[in-house]
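**Student:** This is the structure, below, for whatever I ask next.
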Amino acid sequence: MKPVSEQVVVITGASSGIGRASALAFGARGASVVLAARNREALEHVAAQIEAGGGKAHVVVTDVSVWAQVERLAAEAISRFGRIDTWLNNAAVNEHASVVDMTIEELDRIIQVNLMGQIYGVKAALGPMRRQRSGTIINMGSAASNRAVPLHSAYVASKHGIAGFTDSIRLDLQHEKMPITVTLIQPGFLDTPFFHNARAKLNGKQSRPIPPIYAPEVVAETILFAATHPRRNLVVGGQAALAIFLDKLSPGLVDKLMLARGAGFRLQTEDKPDDRYDNLFEPTRGIGAVRGTWGDEAIESSFYTRHIECYPNRKRMLWAALGIGLVALARRRPER
């Protein structure tokens, strides 16, 4: 794998949140960054920040739910920089609501952007990467790729679908002995504008991420690691990793924890009215931002991800020890 400073990187959803944080991080390290999203003003603001720091950036306004636009994104990256070394599929939309309150159009839109958008991105990236016989595709999954969360039915479906698609395309490439890495990134809840931009039907209340909340720069750091270190999956945050582990161990137990006193529902709402603003069908407005409004809660680093998750042998040892400990605890008989 090339060092980041020599890479051409395509990022969808680059106007805010994880995508924007990643674009700025790649640009700061000398990569040539192709920025894609629906909001031109925000993309041009990110490009200006990258170029002010001495980096290179190219803006391509793109709705990832439209194959022709994603195909054009890849073509422009090749035309401008000659190759694609890393492609980050990050664009996503969401609606916080029970599925019974959502319209078919809303459900369809979430699947088209979140799932088909990433499938289109992989398809577009594979052409030039196969010709190069090199490259890294990074798909943005979630802890919700494994663990369901209430009020996110379509989003969870899309993230489960991304995980399955990522695993399948990886097998195809390995069978061909094609040296292209495919990595799934799985963060938990983050302090990004994603929740402000999501449509909500929560009895008139504003939606919010469930704590603990991580800073998006923690995910960006993990994405940069994946761009230079072949990995299958990378979970961001010890809490997300624990939730995935517990779900594999006892999904019913995790269900009960989320339903206890309505915690999984109650913790997703703010004590303020919904502003009725969302980007489900229309682009966001303005110059965009990396962070949301939960900075005072945001965890700025993850010891688990940096020192354990990124190193497979350490990760196996930790979870094996935890599993053995839990089994021993379950079998232990109370003293008489």
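Starting from 1 in every chain, residues are counted up; chains themselves are A, B, ... following the order of the structure tokens, and ligands are numbered from 1 as listed.
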Please provide as an NGL selection string all residues within 12 Å of stretch 309-324 of chain A, with the sequence filter that same-chain residues fewer than 2 positions apart are discarded (counting only C-alpha atoms).
**Tutor:** :A and (183 or 185-187 or 221-226 or 228-238 or 240-242 or 244-246 or 248-250 or 302-307 or 326-331)
**Student:** Which polymer residues have any atom within 10 Å of an atom of A:Val9, counting only C-alpha atoms, with same-chain residues fewer than 4 positions away left out, as a list in words?
**Tutor:**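 Near neighbours after the sequence-gap exclusion: Val4, Ala23, Phe26, Gly27, Ala31, Ser32, Val33, Val34, Leu35, Ala57, Ala77, Phe81, Arg83, Ile84, Asp85, Thr86, Trp87, Leu88, Gly135, Thr136, Ile137 and Ala227 of chain A.
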**Student:** Can you pull out the residues contacting A:Gly55? Cut-off 6 Å, using only C-alpha atoms, and skip same-chain residues under 3 positions away; I want them as a list in words.
**Tutor:** Gly27, Gly30, Ile50 and Glu51 of chain A
**Student:** Now that the selection is made, can you save its residues with C-alpha atoms as an mmCIF file, in the first residue's frame?
**Tutor:**
data_model
loop_
_atom_site.group_PDB
_atom_site.id
_atom_site.type_symbol
_atom_site.label_atom_id
_atom_site.label_comp_id
_atom_site.auth_asym_id
_atom_site.auth_seq_id
_atom_site.Cartn_x
_atom_site.Cartn_y
_atom_site.Cartn_z
ATOM 1 C CA GLY A 27 -5.514 16.386 2.739
ATOM 2 C CA GLY A 30 -0.623 15.249 1.405
ATOM 3 C CA ILE A 50 -7.353 21.352 2.066
ATOM 4 C CA GLU A 51 -5.686 23.601 -0.512
#
**Student:** Residues within 9 Å of A:Val156, please, as a CSV table (one decimal) with N, CA and C atoms, in the first residue's frame. Count only C-alpha atoms; anything in the same chain fewer than 2 positions from it doesn't count.
**Tutor:**
chain,number,residue,atom,x,y,z
A,142,SER,N,-21.4,0.3,10.6
A,142,SER,CA,-21.8,0.8,11.8
A,142,SER,C,-21.8,-0.3,12.8
A,144,ALA,N,-24.4,-0.8,14.1
A,144,ALA,CA,-25.7,-1.3,13.6
A,144,ALA,C,-25.6,-2.3,12.4
A,145,SER,N,-24.4,-2.5,11.9
A,145,SER,CA,-24.2,-3.6,10.9
A,145,SER,C,-24.4,-5.0,11.6
A,146,ASN,N,-24.2,-5.0,12.9
A,146,ASN,CA,-24.4,-6.2,13.7
A,146,ASN,C,-25.6,-6.1,14.6
A,147,ARG,N,-25.7,-5.0,15.3
A,147,ARG,CA,-26.7,-4.8,16.4
A,147,ARG,C,-27.8,-3.9,16.0
A,148,ALA,N,-29.0,-4.4,16.1
A,148,ALA,CA,-30.2,-3.5,15.8
A,148,ALA,C,-30.4,-2.4,16.8
A,149,VAL,N,-30.9,-1.3,16.4
A,149,VAL,CA,-31.2,-0.2,17.3
A,149,VAL,C,-32.7,0.2,17.0
A,150,PRO,N,-33.5,0.5,18.0
A,150,PRO,CA,-34.8,0.9,17.7
A,150,PRO,C,-34.9,2.3,17.0
A,152,HIS,N,-34.6,3.0,14.0
A,152,HIS,CA,-33.6,3.1,12.8
A,152,HIS,C,-33.8,1.9,11.9
A,153,SER,N,-35.0,1.4,11.7
A,153,SER,CA,-35.2,0.2,10.9
A,153,SER,C,-34.5,0.1,9.5
A,154,ALA,N,-34.8,1.1,8.7
A,154,ALA,CA,-34.2,1.2,7.4
A,154,ALA,C,-32.7,1.4,7.4
A,158,SER,N,-29.9,-1.2,6.0
A,158,SER,CA,-28.9,-0.8,5.0
A,158,SER,C,-27.5,-1.1,5.6
A,159,LYS,N,-27.2,-1.0,6.8
A,159,LYS,CA,-25.9,-1.2,7.4
A,159,LYS,C,-25.7,-2.7,7.5
A,160,HIS,N,-26.7,-3.5,7.8
A,160,HIS,CA,-26.5,-5.0,7.7
A,160,HIS,C,-26.2,-5.4,6.2
A,161,GLY,N,-26.9,-4.8,5.3
A,161,GLY,CA,-26.7,-5.1,3.9
A,161,GLY,C,-25.3,-4.7,3.4
**Student:** Nearest to A:Ala14: which of A:Ala97, A:Val219, A:Ala143, A:Ala42 is it, counting only C-alpha atoms?
**Tutor:**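 Ranking A:Ala97, A:Val219, A:Ala143, A:Ala42 by distance to A:Ala14, first place goes to A:Ala42.
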**Student:** Which residue gives the smallest distance to A:Gly204 among A:Glu106, A:Gly264, A:Val113, A:Lys272, with only C-alpha atoms counted?
**Tutor:** A:Lys272
**Student:** Would you please work out which residue, of A:Ile119, A:Met102, A:Val8, A:Val182, is nearest to A:Arg199 when using only C-alpha atoms?
**Tutor:**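 Of A:Ile119, A:Met102, A:Val8, A:Val182, the one nearest A:Arg199 is A:Met102, counting only C-alpha atoms.
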